[in-house]
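Trainee: Next up is a structure, given as structure tokens.
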Amino acid sequence: MSSDRIPMTREGFEKKKAELERMKTHDMVEITKRVAAARELGDLSENAEYHAAREDQGILQARIRNLEDELARAYIVDPSSLPKDTVVFGSRVRVRDLDLDEEEVYELVGPGSENLDEGKILTTSPIGQGLLGRKKGETVEIQVPRGVIRFEILDISFVS
């Protein structure tokens, strides 16, 4: 696990905390019941249901550990305390893709708040990293899996 601090809004933090609670109190209980029921079917060496339930249990335990780690490293950011003229956590950035000549809007968020369909991207994503610290009017080149994208930063605002 990494020791890097993770910025989150209060809302994103609470959402992740609720998800963790659900996994521990509901999902893990259900999987444990499945493991017990499958165990009662007899010979475990050829019991596919038992092995599937144990695998699901392991996956869920890993997800729980991951979420606990994220929450332990989280720090709550109040967007109103951040600079208004620079792209930072919580910024809504309007950019022009210089190669496609299209405008796009991204909101830089922390874990638990990301939603690509709404343009909410993680500050740790390649685009998020490329935009952080930039100012209106700057042109930025960002390496992404499909190549390099070039953006001109048109506007920086904050979601109220």
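Labeling convention for the structure tokens: chains A, B, ... as they appear, residues from 1 per chain, ligands from 1 in order of appearance.
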Hey, could you make a per-residue contact list for region 27-88 of chain A against region 135-154 of chain A with 9 Å as the cut-off, showing the nearest pair of atoms and its distance in Å to one decimal, counting only C-alpha atoms, sorted by chain and number, as a tab-separated table?
Mentor:
residue	atom	partner	partner_atom	distance
A:Asp85	CA	A:Lys135	CA	6.1
A:Thr86	CA	A:Lys135	CA	4.8
A:Val87	CA	A:Lys135	CA	6.3
Trainee: With a cut-off of 9 Å, could you pull out the residues of region 85-123 of chain A touching region 7-28 of chain A and give me the nearest pair of atoms for each, distance in Å to one decimal, using only C-alpha atoms, ordered by chain and ascending number, as a Markdown table?
Mentor:
| residue | atom | partner | partner_atom | distance |
| --- | --- | --- | --- | --- |
| A:Phe89 | CA | A:Pro7 | CA | 7.4 |
| A:Gly90 | CA | A:Thr9 | CA | 8.2 |
| A:Val109 | CA | A:Met8 | CA | 7.1 |
| A:Gly110 | CA | A:Met8 | CA | 4.7 |
| A:Pro111 | CA | A:Met8 | CA | 6.6 |
| A:Gly112 | CA | A:Gly12 | CA | 4.8 |
| A:Ser113 | CA | A:Gly12 | CA | 5.2 |
| A:Glu114 | CA | A:Gly12 | CA | 8.9 |
| A:Thr123 | CA | A:Pro7 | CA | 8.5 |
Trainee: Region 45-155 of chain A: which residues are helix (DSSP H, G or I) by DSSP, as a count of residues only?
Mentor: 40
Trainee: Restricting the calculation to only C-alpha atoms: of A:Val88, A:Val95, A:Ala72, A:Leu116, which residue gets closest to Leu132 (chain A)?
Mentor: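 For Leu132 (chain A), the nearest of the candidates is A:Val88.
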Trainee: Could you give me, as a VMD selection string, the residues within 7 Å of Ser157 (chain A), counting only C-alpha atoms and dropping anything in the same chain fewer than 3 positions from it?
Mentor: chain A and resid 91 to 93
Trainee: For Ile156 (chain A), which residue out of A:Lys84, A:Gln61, A:Asn115, A:Glu46 is the nearest one, using only C-alpha atoms?
Mentor: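 Among the listed residues, the smallest separation from Ile156 (chain A) belongs to A:Lys84.
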